[in-house]
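A.B. asks: Got a structure for you, structure-v1.txt, holding compact mmCIF, C-alpha atoms.
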```
# COMPACT_ATOMS: atom_id res chain seq x y z
CA MET A 18 -101.00 3.72 236.99
CA ARG A 19 -101.31 4.28 240.75
CA ARG A 20 -100.56 1.00 242.50
CA VAL A 21 -98.21 -1.91 241.76
CA VAL A 22 -97.92 -5.21 243.64
CA VAL A 23 -94.50 -6.88 243.28
CA LEU A 24 -94.20 -10.65 243.75
CA GLY A 25 -90.74 -12.13 243.19
CA ASN A 26 -87.93 -10.32 241.41
CA PRO A 27 -89.02 -7.67 238.91
CA THR A 28 -87.68 -7.97 235.39
CA LEU A 29 -84.79 -5.89 234.09
CA SER A 30 -87.15 -4.28 231.60
CA ARG A 31 -86.72 -0.52 231.60
CA PRO A 32 -90.47 0.19 231.35
CA VAL A 33 -91.07 -1.98 234.43
CA GLN A 34 -88.31 -0.25 236.36
CA ARG A 35 -89.68 3.15 235.33
CA LEU A 36 -93.09 2.04 236.55
CA LEU A 37 -91.74 0.98 239.94
CA GLY A 38 -89.79 4.22 240.19
CA GLY A 39 -92.94 6.29 239.70
CA ALA A 40 -92.27 7.64 236.21
CA LEU A 41 -95.67 6.48 234.93
CA ALA A 42 -97.74 7.91 237.78
CA PRO A 43 -100.37 10.56 237.04
CA ALA A 44 -99.11 14.12 237.34
CA GLY A 45 -98.63 15.14 240.95
CA GLU A 46 -99.04 11.59 242.28
CA ARG A 47 -96.80 8.67 243.19
CA VAL A 48 -97.12 5.01 242.30
CA GLU A 49 -97.83 3.04 245.45
CA VAL A 50 -95.53 -0.01 245.43
CA ILE A 51 -96.49 -3.01 247.56
CA VAL A 52 -93.86 -5.77 247.80
CA VAL A 53 -94.78 -9.29 248.86
CA ALA A 54 -91.69 -10.83 250.49
CA PRO A 55 -92.35 -14.33 251.93
CA GLY A 56 -90.76 -14.70 255.34
CA SER A 57 -90.00 -11.00 255.41
CA GLY A 58 -86.63 -11.78 253.88
CA PRO A 59 -84.66 -9.33 251.73
CA TRP A 60 -87.14 -7.80 249.33
CA PRO A 61 -86.58 -6.42 245.82
CA ASP A 62 -86.89 -2.64 245.84
CA ALA A 63 -84.16 -1.14 243.65
CA ALA A 64 -85.91 2.23 243.50
CA ARG A 65 -86.40 2.31 247.30
CA ALA A 66 -90.02 3.12 246.58
CA ALA A 67 -91.89 0.38 248.47
CA ALA A 68 -94.66 1.82 250.60
CA HIS A 69 -95.58 -1.56 252.09
CA VAL A 70 -93.75 -4.88 252.44
CA LEU A 71 -95.92 -7.89 253.31
CA PRO A 72 -94.85 -11.40 254.39
CA GLY A 73 -97.43 -12.98 252.11
CA VAL A 74 -100.42 -12.32 249.91
CA PRO A 75 -103.35 -11.28 252.12
CA GLY A 76 -106.18 -13.79 251.99
CA SER A 77 -108.70 -11.08 251.21
CA TRP A 78 -106.90 -10.40 247.93
CA LEU A 79 -107.64 -13.93 246.74
CA GLU A 80 -111.36 -13.80 247.45
CA PRO A 81 -113.48 -13.32 244.33
CA GLY A 82 -115.57 -10.18 244.21
CA SER A 83 -119.32 -10.35 244.49
CA GLU A 84 -119.74 -8.76 241.10
CA GLU A 85 -117.75 -7.62 238.10
CA SER A 86 -116.12 -4.24 238.69
CA ALA A 87 -115.96 -1.61 235.99
CA TRP A 88 -112.33 -1.06 236.99
CA ALA A 89 -111.44 -4.69 236.17
CA ALA A 90 -113.41 -4.51 232.94
CA ARG A 91 -111.40 -1.49 231.84
CA TRP A 92 -108.12 -3.30 232.56
CA ARG A 93 -109.20 -6.40 230.65
CA ALA A 94 -110.40 -4.32 227.72
CA ALA A 95 -107.12 -2.41 227.67
CA GLY A 96 -105.06 -5.60 227.85
CA ALA A 97 -107.02 -7.31 225.09
CA ALA A 98 -106.77 -4.25 222.86
CA ALA A 99 -103.01 -3.93 223.39
CA SER A 100 -102.44 -7.62 222.65
CA GLN A 101 -104.56 -7.46 219.51
CA ALA A 102 -102.72 -4.36 218.28
CA VAL A 103 -99.40 -6.19 218.64
CA ARG A 104 -100.78 -9.28 216.91
CA ASP A 105 -102.10 -7.17 214.03
CA ALA A 106 -98.75 -5.42 213.65
CA VAL A 107 -96.87 -8.73 213.62
CA GLY A 108 -99.35 -10.13 211.09
CA GLU A 109 -98.66 -7.24 208.76
CA LEU A 110 -94.91 -7.69 209.13
CA ARG A 111 -95.24 -11.42 208.35
CA SER A 112 -96.73 -10.59 204.95
CA ALA A 113 -94.66 -7.50 204.12
CA ASP A 114 -93.15 -7.01 200.69
CA GLY A 115 -89.38 -6.91 200.29
CA GLY A 116 -86.51 -6.54 202.71
CA ALA A 117 -85.26 -8.74 205.52
CA LEU A 118 -87.49 -10.08 208.26
CA ASP A 119 -88.47 -7.82 211.12
CA PRO A 120 -86.91 -9.04 214.39
CA VAL A 121 -90.30 -9.33 216.11
CA VAL A 122 -91.42 -11.76 213.38
CA VAL A 123 -88.55 -14.04 214.36
CA ALA A 124 -89.48 -13.73 218.05
CA ASP A 125 -93.09 -14.51 217.16
CA ALA A 126 -92.07 -17.62 215.23
CA VAL A 127 -89.91 -18.82 218.11
CA ALA A 128 -92.75 -18.25 220.57
CA ARG A 129 -95.24 -20.10 218.39
CA ALA A 130 -92.86 -23.04 218.01
CA SER A 131 -92.25 -23.42 221.75
CA ALA A 132 -94.64 -25.94 223.30
CA PRO A 133 -95.36 -26.31 227.04
CA ASP A 134 -92.90 -29.22 227.42
CA ASP A 135 -90.13 -27.41 225.51
CA VAL A 136 -87.28 -25.45 227.07
CA LEU A 137 -86.43 -22.01 225.70
CA VAL A 138 -83.16 -20.25 226.55
CA VAL A 139 -83.37 -16.54 225.71
CA GLY A 140 -80.37 -14.29 225.17
CA ALA A 141 -80.00 -10.80 226.55
CA SER A 142 -80.38 -7.58 224.57
CA SER A 143 -83.02 -7.50 221.80
CA PRO A 144 -84.28 -11.13 221.76
CA VAL A 145 -85.62 -11.09 225.32
CA ARG A 146 -87.34 -7.75 224.66
CA ASP A 147 -88.87 -8.94 221.39
CA LEU A 148 -90.10 -12.13 223.02
CA ASP A 149 -91.56 -10.13 225.90
CA LEU A 150 -93.50 -8.08 223.36
CA VAL A 151 -95.00 -10.83 221.20
CA ALA A 152 -95.24 -14.03 223.27
CA ALA A 153 -98.86 -14.85 224.07
CA TRP A 154 -98.72 -18.39 225.43
CA ALA A 155 -101.80 -19.95 226.95
CA GLU A 156 -99.36 -22.39 228.56
CA PRO A 157 -95.74 -21.25 228.30
CA PRO A 158 -92.65 -23.39 227.81
CA ARG A 159 -89.93 -23.43 230.42
CA VAL A 160 -88.07 -20.18 229.79
CA VAL A 161 -84.49 -19.72 231.04
CA ALA A 162 -82.38 -16.56 230.82
CA ASN A 163 -79.19 -15.27 232.35
CA ARG A 164 -79.49 -11.98 234.19
CA GLY A 165 -77.39 -9.59 236.21
CA LEU A 166 -73.86 -8.50 235.41
CA ALA A 167 -73.15 -11.41 233.07
CA GLY A 168 -74.97 -9.77 230.16
CA ILE A 169 -74.38 -11.85 227.03
CA ASP A 170 -71.51 -13.83 228.56
CA GLY A 171 -71.78 -17.60 228.34
CA SER A 172 -75.20 -17.78 226.68
CA ILE A 173 -74.41 -20.74 224.42
CA SER A 174 -72.69 -22.57 227.28
CA THR A 175 -75.80 -21.97 229.37
CA ALA A 176 -78.00 -23.35 226.59
CA VAL A 177 -75.83 -26.47 226.22
CA GLY A 178 -76.03 -27.14 229.96
CA VAL A 179 -79.79 -26.61 229.95
CA ALA A 180 -80.17 -28.97 226.98
CA VAL A 181 -78.25 -31.70 228.79
CA ALA A 182 -80.37 -31.28 231.94
CA ALA A 183 -83.60 -31.15 229.93
CA ARG A 184 -82.83 -34.36 228.12
CA ARG A 185 -82.00 -36.17 231.35
CA ALA A 186 -85.25 -34.89 232.87
CA GLY A 187 -87.26 -36.19 229.91
CA LEU A 188 -88.42 -32.75 228.81
CA GLY A 189 -89.14 -31.63 225.28
CA PRO A 190 -86.58 -30.13 222.90
CA THR A 191 -84.35 -27.24 223.95
CA ARG A 192 -84.11 -24.12 221.83
CA ALA A 193 -81.97 -21.01 222.31
CA TYR A 194 -82.94 -17.66 220.85
CA LEU A 195 -80.00 -15.26 220.61
CA GLY A 196 -78.73 -12.19 218.82
CA ASP A 197 -75.70 -12.41 216.55
CA LEU A 198 -73.26 -10.70 218.95
CA THR A 199 -74.43 -12.93 221.79
CA PHE A 200 -73.82 -15.95 219.57
CA LEU A 201 -70.35 -14.76 218.55
CA HIS A 202 -69.40 -13.83 222.11
CA ASP A 203 -69.70 -17.43 223.30
CA VAL A 204 -69.53 -19.43 220.09
CA GLY A 205 -66.84 -21.58 221.71
CA GLY A 206 -69.61 -22.96 223.90
CA LEU A 207 -70.64 -25.11 220.92
CA HIS A 208 -67.45 -27.09 221.55
CA LEU A 209 -68.86 -28.17 224.91
CA ALA A 210 -71.69 -30.08 223.30
CA GLY A 211 -71.24 -33.83 223.24
CA ASP A 212 -73.15 -36.47 221.35
CA ASP A 213 -75.94 -36.41 223.93
CA VAL A 214 -76.89 -32.76 223.31
CA ASP A 215 -79.80 -31.84 221.05
CA LEU A 216 -80.03 -28.06 220.79
CA GLN A 217 -81.48 -25.66 218.26
CA VAL A 218 -79.87 -22.21 218.32
CA VAL A 219 -81.90 -19.51 216.57
CA VAL A 220 -79.75 -16.47 215.78
CA ALA A 221 -81.38 -13.18 214.78
CA ASN A 222 -78.53 -11.72 212.72
CA ASP A 223 -78.62 -7.99 211.99
CA GLY A 224 -74.87 -7.68 211.66
CA GLY A 225 -74.20 -5.89 214.94
CA GLY A 226 -75.54 -4.57 218.22
CA SER A 227 -78.75 -2.88 217.10
CA ILE A 228 -80.15 -2.72 220.65
CA PHE A 229 -78.11 0.44 221.28
CA ALA A 230 -80.19 2.36 218.75
CA THR A 231 -83.10 2.10 221.19
CA LEU A 232 -81.06 3.19 224.22
CA GLU A 233 -79.39 6.48 225.14
CA PRO A 234 -76.46 6.05 222.69
CA GLY A 235 -79.00 6.00 219.87
CA ALA A 236 -79.25 9.79 220.13
CA LEU A 237 -75.62 9.95 219.03
CA ALA A 238 -76.44 8.16 215.79
CA ALA A 239 -79.13 10.70 214.96
CA SER A 240 -77.01 13.78 215.63
CA GLY A 241 -74.88 13.85 212.47
CA VAL A 242 -72.99 11.80 209.91
CA GLY A 243 -69.71 11.87 211.83
CA ARG A 244 -71.33 10.85 215.08
CA ARG A 245 -73.27 8.15 213.26
CA SER A 246 -69.95 6.66 212.21
CA THR A 247 -68.74 6.78 215.81
CA PHE A 248 -71.96 5.13 216.98
CA GLU A 249 -71.54 2.31 214.48
CA ARG A 250 -67.92 1.69 215.44
CA VAL A 251 -68.30 1.92 219.22
CA PHE A 252 -71.81 0.64 219.91
CA SER A 253 -73.17 -1.26 216.90
CA THR A 254 -69.82 -3.01 216.28
CA PRO A 255 -70.85 -4.30 212.83
CA HIS A 256 -69.33 -7.55 211.58
CA ALA A 257 -69.33 -9.70 208.48
CA VAL A 258 -68.76 -13.08 210.08
CA ASP A 259 -70.07 -16.08 208.12
CA LEU A 260 -72.07 -17.82 210.85
CA GLY A 261 -72.57 -20.88 208.68
CA LEU A 262 -68.86 -21.55 208.32
CA LEU A 263 -68.36 -20.87 212.00
CA ALA A 264 -71.15 -23.25 213.03
CA ARG A 265 -69.88 -26.02 210.80
CA ALA A 266 -66.37 -25.56 212.19
CA TYR A 267 -67.78 -26.68 215.53
CA GLY A 268 -69.65 -29.60 213.97
CA ALA A 269 -73.09 -27.97 214.05
CA SER A 270 -75.54 -28.04 211.17
CA HIS A 271 -76.64 -24.68 209.77
CA VAL A 272 -79.76 -23.27 208.15
CA ARG A 273 -79.91 -19.72 206.79
CA VAL A 274 -83.23 -17.93 206.34
CA ASP A 275 -83.02 -14.83 204.13
CA ALA A 276 -86.18 -13.01 203.10
CA ARG A 277 -84.29 -10.74 200.71
CA HIS A 278 -84.19 -13.54 198.16
CA ALA A 279 -87.27 -15.62 198.93
CA GLY A 280 -89.62 -12.84 200.06
CA VAL A 281 -91.00 -12.33 203.55
CA PRO A 282 -93.95 -14.78 203.47
CA ALA A 283 -91.77 -17.57 202.03
CA ALA A 284 -89.03 -16.86 204.57
CA VAL A 285 -91.53 -16.97 207.44
CA ALA A 286 -92.81 -20.33 206.18
CA GLU A 287 -89.24 -21.65 205.87
CA LEU A 288 -88.41 -20.48 209.40
CA GLU A 289 -91.54 -22.01 210.90
CA GLY A 290 -90.91 -25.28 209.07
CA THR A 291 -87.35 -25.42 210.37
CA LEU A 292 -88.44 -24.67 213.93
CA ALA A 293 -91.08 -27.42 213.76
CA GLY A 294 -88.65 -30.07 212.53
CA PRO A 295 -86.73 -32.54 214.72
CA VAL A 296 -83.28 -31.57 215.95
CA ARG A 297 -80.43 -34.03 216.35
CA GLY A 298 -77.20 -32.63 217.68
CA ILE A 299 -76.57 -28.89 217.42
CA GLN A 300 -78.45 -26.94 214.77
CA VAL A 301 -77.84 -23.23 214.17
CA VAL A 302 -80.73 -21.43 212.48
CA GLU A 303 -79.48 -18.07 211.25
CA VAL A 304 -82.20 -15.56 210.36
CA LEU A 305 -81.20 -12.31 208.69
CA VAL A 306 -83.21 -9.45 210.17
CA ASP A 307 -83.61 -5.77 209.38
CA ARG A 308 -81.54 -3.59 211.69
CA SER A 309 -83.40 -0.42 210.64
CA ARG A 310 -86.43 -1.72 212.55
CA ARG A 311 -84.56 -0.85 215.75
CA ALA A 312 -84.81 2.86 214.98
CA PRO A 313 -86.74 4.78 217.66
CA ALA A 314 -89.26 5.87 215.03
CA SER A 315 -90.33 2.25 214.44
CA ALA A 316 -90.74 1.58 218.16
CA ASP A 317 -92.63 4.83 218.62
CA ALA A 318 -95.00 3.96 215.78
CA LEU A 319 -95.88 0.63 217.40
CA ALA A 320 -96.27 2.30 220.81
CA ARG A 321 -98.69 4.84 219.34
CA ARG A 322 -100.63 2.06 217.65
CA VAL A 323 -100.99 0.18 220.92
CA GLN A 324 -101.90 3.34 222.83
CA ASP A 325 -104.56 4.28 220.28
CA ALA A 326 -106.07 0.80 220.49
CA VAL A 327 -106.14 0.95 224.30
CA ASP A 328 -107.70 4.42 224.30
CA ALA A 329 -110.39 3.29 221.87
CA ALA A 330 -111.20 0.15 223.87
CA VAL A 331 -111.41 1.95 227.21
CA GLY A 332 -113.26 4.88 225.68
CA SER A 333 -115.89 2.54 224.26
CA LEU A 334 -116.85 1.66 227.84
CA GLY A 335 -117.84 5.25 228.52
CA GLU A 336 -117.15 7.33 231.59
CA ASN A 337 -116.17 5.21 234.54
CA PRO A 338 -115.88 6.67 238.04
CA GLU A 339 -114.33 3.46 239.39
CA THR A 340 -110.95 3.81 237.69
CA LEU A 341 -109.14 2.75 240.83
CA ARG A 342 -110.06 0.95 243.98
CA SER A 343 -109.83 3.37 246.87
CA ARG A 344 -106.75 3.25 249.06
CA SER A 345 -108.94 2.49 252.05
CA GLU A 346 -109.50 -1.00 250.64
CA LEU A 347 -105.94 -2.02 251.45
CA PRO A 348 -105.87 -4.85 254.00
CA GLY A 349 -105.07 -4.26 257.64
CA SER A 350 -102.93 -1.26 258.39
CA LEU A 351 -102.11 -0.50 254.74
CA GLN A 352 -103.67 2.94 254.57
CA SER A 353 -102.80 5.97 252.50
CA GLY A 354 -99.81 7.88 253.82
CA SER A 355 -98.47 5.00 255.91
CA ARG A 356 -95.35 2.92 255.37
CA THR A 357 -95.56 -0.66 256.57
CA ILE A 358 -92.62 -3.06 256.83
CA VAL A 359 -93.50 -6.45 258.30
```
Represent the supplied structure as structure tokens.
C.D. replies:
Amino acid sequence: MRRVVVLGNPTLSRPVQRLLGGALAPAGERVEVIVVAPGSGPWPDAARAAAHVLPGVPGSWLEPGSEESAWAARWRAAGAAASQAVRDAVGELRSADGGALDPVVVADAVARASAPDDVLVVGASSPVRDLDLVAAWAEPPRVVANRGLAGIDGSISTAVGVAVAARRAGLGPTRAYLGDLTFLHDVGGLHLAGDDVDLQVVVANDGGGSIFATLEPGALAASGVGRRSTFERVFSTPHAVDLGLLARAYGASHVRVDARHAGVPAAVAELEGTLAGPVRGIQVVEVLVDRSRRAPASADALARRVQDAVDAAVGSLGENPETLRSRSELPGSLQSGSRTIV
């Protein structure tokens, strides 16, 4: 990766931030970051790495090329291979034998159930990452998410407000997709819902904060039994809250999907059937998921699978000297070694 064009605010995804910071550049090189900032207003550049800041997208960038470039073909082949590898992995998880559902299967079901006119409110932590991995919409729904310092604060309250606004605007149904700690952190938000709120809340319940196993604190869990206990207490914060009783206490209906009893394929079918059904009032759909899937080894295995698929797809195209458009093709004064702020 040698050049990145940023339009709008970048996501909070760590891989994206690492990309913008240059961590994915070839050895001895830097990623050239070009930021498009309409009106030359304050531009997003957390890593202070922007080489060029433009007031708009240059017209020459929007002109179709005279012929297909091998460079573009390689990118499309890589993208298609990566997407197919993820789809294949999810397909295998949907038909697995035994155990609870994998979290990405839940994200996949939520994505499949969300039509273009629907509104989807996504919680922080694992759900937004899982959705980012598996969603492959030809025409996406309206997706809303809190960001910034708020973290998981107020997610249900946000979803209730969005549901009210969506109904008044004549949009399709509103669905929230949250983790269990996010749900518990703002469960009082269910009390805000009046009779005019139709909201489906899908909760991926792994009994704690499994996201931390994939972040720096996860190394603590792998360094010994005693430290594993500390990790569980401080970061995973396991709980045994009965979400069904809690939901009903606030007047919401509750559905619990548990693959440990029905089997994975049957649980997937039950979840998809529930997501496809009509929602009146507040409905909490609790899905028990397998926390062990958050282990770095599982993520690394999927990453290797995707990388192998990309390597095979690009390699099948043979040697390609046009792996990158030359820097001299930048518009106007955007030449190698310069720094342009306009």
A.B. asks: Just the number, please: distance in Å from atom CA of Val272 of chain A to atom CA of Gly187 of chain A, one decimal.
C.D. replies: 26.4 Å
A.B. asks: Please produce, as JSON lines, a per-residue contact table for segment 21-40 of chain A versus segment 145-161 of chain A (criterion: any atom at most 12 Å away, all atoms listed in the file considered), showing the nearest atom pair and its distance in Å to one decimal, sorted by chain then residue number.
C.D. replies:
```
{"residue": "A:Thr28", "atom": "CA", "partner": "A:Asp149", "partner_atom": "CA", "distance": 10.5}
{"residue": "A:Leu29", "atom": "CA", "partner": "A:Arg146", "partner_atom": "CA", "distance": 9.9}
{"residue": "A:Ser30", "atom": "CA", "partner": "A:Arg146", "partner_atom": "CA", "distance": 7.8}
{"residue": "A:Arg31", "atom": "CA", "partner": "A:Arg146", "partner_atom": "CA", "distance": 10.0}
{"residue": "A:Pro32", "atom": "CA", "partner": "A:Arg146", "partner_atom": "CA", "distance": 10.8}
{"residue": "A:Val33", "atom": "CA", "partner": "A:Asp149", "partner_atom": "CA", "distance": 11.8}
```
A.B. asks: Counting all atoms listed in the file, figure out which residue out of A:Val242, A:Val281, A:Ala130, A:Leu263 gets nearest to Phe200 of chain A.
C.D. replies: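 Of A:Val242, A:Val281, A:Ala130, A:Leu263, the one nearest Phe200 of chain A is A:Leu263, counting all atoms listed in the file.
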A.B. asks: Need the shell around segment 323-330 of chain A: protein/DNA/RNA residues with any atom at most 12 Å away, counting only C-alpha atoms. Skip same-chain ones fewer than 4 positions apart. Format as a CSV table (one decimal) with C-alpha atoms, in the coordinates of the input?
C.D. replies:
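The result, written out as out.csv:
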```
chain,number,residue,atom,x,y,z
A,90,ALA,CA,-113.4,-4.5,232.9
A,91,ARG,CA,-111.4,-1.5,231.8
A,92,TRP,CA,-108.1,-3.3,232.6
A,93,ARG,CA,-109.2,-6.4,230.6
A,94,ALA,CA,-110.4,-4.3,227.7
A,95,ALA,CA,-107.1,-2.4,227.7
A,96,GLY,CA,-105.1,-5.6,227.8
A,97,ALA,CA,-107.0,-7.3,225.1
A,98,ALA,CA,-106.8,-4.2,222.9
A,99,ALA,CA,-103.0,-3.9,223.4
A,100,SER,CA,-102.4,-7.6,222.6
A,101,GLN,CA,-104.6,-7.5,219.5
A,102,ALA,CA,-102.7,-4.4,218.3
A,103,VAL,CA,-99.4,-6.2,218.6
A,104,ARG,CA,-100.8,-9.3,216.9
A,105,ASP,CA,-102.1,-7.2,214.0
A,106,ALA,CA,-98.8,-5.4,213.6
A,150,LEU,CA,-93.5,-8.1,223.4
A,316,ALA,CA,-90.7,1.6,218.2
A,317,ASP,CA,-92.6,4.8,218.6
A,318,ALA,CA,-95.0,4.0,215.8
A,319,LEU,CA,-95.9,0.6,217.4
A,334,LEU,CA,-116.8,1.7,227.8
A,335,GLY,CA,-117.8,5.2,228.5
```
A.B. asks: Just to confirm, what's the straight-line distance from atom CA of Gln217 of chain A to atom CA of Asp275 of chain A in Å (one decimal)?
C.D. replies: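 Rounded to one decimal, the two atoms are 17.9 Å apart.
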A.B. asks: Kindly indicate which residue among A:Gln34, A:Glu249, A:Gly189, A:Thr199 lies nearest to Ala63 of chain A, using all atoms listed in the file for the distances.
C.D. replies: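 Closest to Ala63 of chain A, using all atoms listed in the file: A:Gln34.
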A.B. asks: I need every residue sitting at most 12 Å from the point (-76.2, -33.8, 215.9) (coordinates as in the file, all atoms listed in the file considered), written as a PyMOL selection string.
C.D. replies: chain A and resi 207+210-217+265+267-271+295-301
A.B. asks: For the residues in the current selection, export C-alpha atoms as an mmCIF file, in the frame of the given file.
C.D. replies:
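The result, written out as out.cif:
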```cif
data_model
loop_
_atom_site.group_PDB
_atom_site.id
_atom_site.type_symbol
_atom_site.label_atom_id
_atom_site.label_comp_id
_atom_site.auth_asym_id
_atom_site.auth_seq_id
_atom_site.Cartn_x
_atom_site.Cartn_y
_atom_site.Cartn_z
ATOM 1 C CA LEU A 207 -70.640 -25.110 220.920
ATOM 2 C CA ALA A 210 -71.690 -30.080 223.300
ATOM 3 C CA GLY A 211 -71.240 -33.830 223.240
ATOM 4 C CA ASP A 212 -73.150 -36.470 221.350
ATOM 5 C CA ASP A 213 -75.940 -36.410 223.930
ATOM 6 C CA VAL A 214 -76.890 -32.760 223.310
ATOM 7 C CA ASP A 215 -79.800 -31.840 221.050
ATOM 8 C CA LEU A 216 -80.030 -28.060 220.790
ATOM 9 C CA GLN A 217 -81.480 -25.660 218.260
ATOM 10 C CA ARG A 265 -69.880 -26.020 210.800
ATOM 11 C CA TYR A 267 -67.780 -26.680 215.530
ATOM 12 C CA GLY A 268 -69.650 -29.600 213.970
ATOM 13 C CA ALA A 269 -73.090 -27.970 214.050
ATOM 14 C CA SER A 270 -75.540 -28.040 211.170
ATOM 15 C CA HIS A 271 -76.640 -24.680 209.770
ATOM 16 C CA PRO A 295 -86.730 -32.540 214.720
ATOM 17 C CA VAL A 296 -83.280 -31.570 215.950
ATOM 18 C CA ARG A 297 -80.430 -34.030 216.350
ATOM 19 C CA GLY A 298 -77.200 -32.630 217.680
ATOM 20 C CA ILE A 299 -76.570 -28.890 217.420
ATOM 21 C CA GLN A 300 -78.450 -26.940 214.770
ATOM 22 C CA VAL A 301 -77.840 -23.230 214.170
#
```
A.B. asks: Suppose you want the space between atom CA of Ala89 of chain A and atom CA of Val331 of chain A; what is it in Å?
C.D. replies: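 So the two atoms, atom CA of Ala89 of chain A and atom CA of Val331 of chain A, lie 11.2 Å apart.
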A.B. asks: Kindly indicate which residue among A:Ser174, A:Thr291, A:Thr231, A:Thr247 lies nearest to Ser309 of chain A, using all atoms listed in the file for the distances.
C.D. replies: A:Thr231
A.B. asks: For Val52 of chain A, find every residue with an atom within 7 Å (counting all atoms listed in the file), except residues of its own chain fewer than 2 positions away, and show them as a list of chain:residue names.
C.D. replies: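 Residues near the query, excluding close chain neighbours: A:Val22, A:Val23, A:Leu24, A:Val50, A:Ala54, A:Ala67, A:His69, A:Val70, A:Leu71.
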A.B. asks: If you count all atoms listed in the file, which residues fall within 8 Å of His202 of chain A, apart from same-chain ones fewer than 4 positions away, as a JSON list (two decimals) with C-alpha atoms, in the frame of the given file?
C.D. replies:
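To be explicit, this is the file written out as around-v1.json:
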```json
[["chain", "number", "residue", "atom", "x", "y", "z"],
["A", 169, "ILE", "CA", -74.38, -11.85, 227.03],
["A", 170, "ASP", "CA", -71.51, -13.83, 228.56],
["A", 171, "GLY", "CA", -71.78, -17.60, 228.34],
["A", 198, "LEU", "CA", -73.26, -10.70, 218.95]]
```
A.B. asks: With distances taken over all atoms listed in the file, which of A:Ala266, A:Val53, A:Ala44, A:Ile173 is nearest to Val220 of chain A?
C.D. replies: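 Selected residue with least distance to Val220 of chain A: A:Ile173.
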A.B. asks: Complete the atom set of segment 224-239 of chain A to N, CA and C atoms and return it as a JSON list (two decimals), in the frame of the given file.
C.D. replies:
```json
[["chain", "number", "residue", "atom", "x", "y", "z"],
["A", 224, "GLY", "N", -76.21, -8.16, 211.94],
["A", 224, "GLY", "CA", -74.87, -7.68, 211.66],
["A", 224, "GLY", "C", -74.31, -6.70, 212.66],
["A", 225, "GLY", "N", -74.74, -6.79, 213.92],
["A", 225, "GLY", "CA", -74.20, -5.89, 214.94],
["A", 225, "GLY", "C", -75.11, -5.76, 216.13],
["A", 226, "GLY", "N", -74.79, -4.77, 216.98],
["A", 226, "GLY", "CA", -75.54, -4.57, 218.22],
["A", 226, "GLY", "C", -76.63, -3.52, 218.07],
["A", 227, "SER", "N", -77.71, -3.87, 217.42],
["A", 227, "SER", "CA", -78.75, -2.88, 217.10],
["A", 227, "SER", "C", -79.51, -2.40, 218.33],
["A", 228, "ILE", "N", -79.41, -3.12, 219.45],
["A", 228, "ILE", "CA", -80.15, -2.72, 220.65],
["A", 228, "ILE", "C", -79.79, -1.29, 221.07],
["A", 229, "PHE", "N", -78.56, -0.87, 220.80],
["A", 229, "PHE", "CA", -78.11, 0.44, 221.28],
["A", 229, "PHE", "C", -78.83, 1.59, 220.58],
["A", 230, "ALA", "N", -79.42, 1.31, 219.43],
["A", 230, "ALA", "CA", -80.19, 2.36, 218.75],
["A", 230, "ALA", "C", -81.42, 2.73, 219.54],
["A", 231, "THR", "N", -81.89, 1.84, 220.40],
["A", 231, "THR", "CA", -83.10, 2.10, 221.19],
["A", 231, "THR", "C", -82.77, 2.64, 222.58],
["A", 232, "LEU", "N", -81.47, 2.69, 222.91],
["A", 232, "LEU", "CA", -81.06, 3.19, 224.22],
["A", 232, "LEU", "C", -80.45, 4.58, 224.08],
["A", 233, "GLU", "N", -79.91, 5.12, 225.16],
["A", 233, "GLU", "CA", -79.39, 6.48, 225.14],
["A", 233, "GLU", "C", -78.35, 6.74, 224.04],
["A", 234, "PRO", "N", -77.44, 5.79, 223.76],
["A", 234, "PRO", "CA", -76.46, 6.05, 222.69],
["A", 234, "PRO", "C", -77.09, 6.26, 221.33],
["A", 235, "GLY", "N", -78.34, 5.82, 221.15],
["A", 235, "GLY", "CA", -79.00, 6.00, 219.87],
["A", 235, "GLY", "C", -79.12, 7.46, 219.46],
["A", 236, "ALA", "N", -79.17, 8.36, 220.45],
["A", 236, "ALA", "CA", -79.25, 9.79, 220.13],
["A", 236, "ALA", "C", -77.99, 10.26, 219.41],
["A", 237, "LEU", "N", -76.86, 9.61, 219.70],
["A", 237, "LEU", "CA", -75.62, 9.95, 219.03],
["A", 237, "LEU", "C", -75.71, 9.67, 217.54],
["A", 238, "ALA", "N", -76.33, 8.55, 217.19],
["A", 238, "ALA", "CA", -76.44, 8.16, 215.79],
["A", 238, "ALA", "C", -77.28, 9.14, 214.99],
["A", 239, "ALA", "N", -78.22, 9.80, 215.67],
["A", 239, "ALA", "CA", -79.13, 10.70, 214.96],
["A", 239, "ALA", "C", -78.65, 12.14, 214.93]]
```
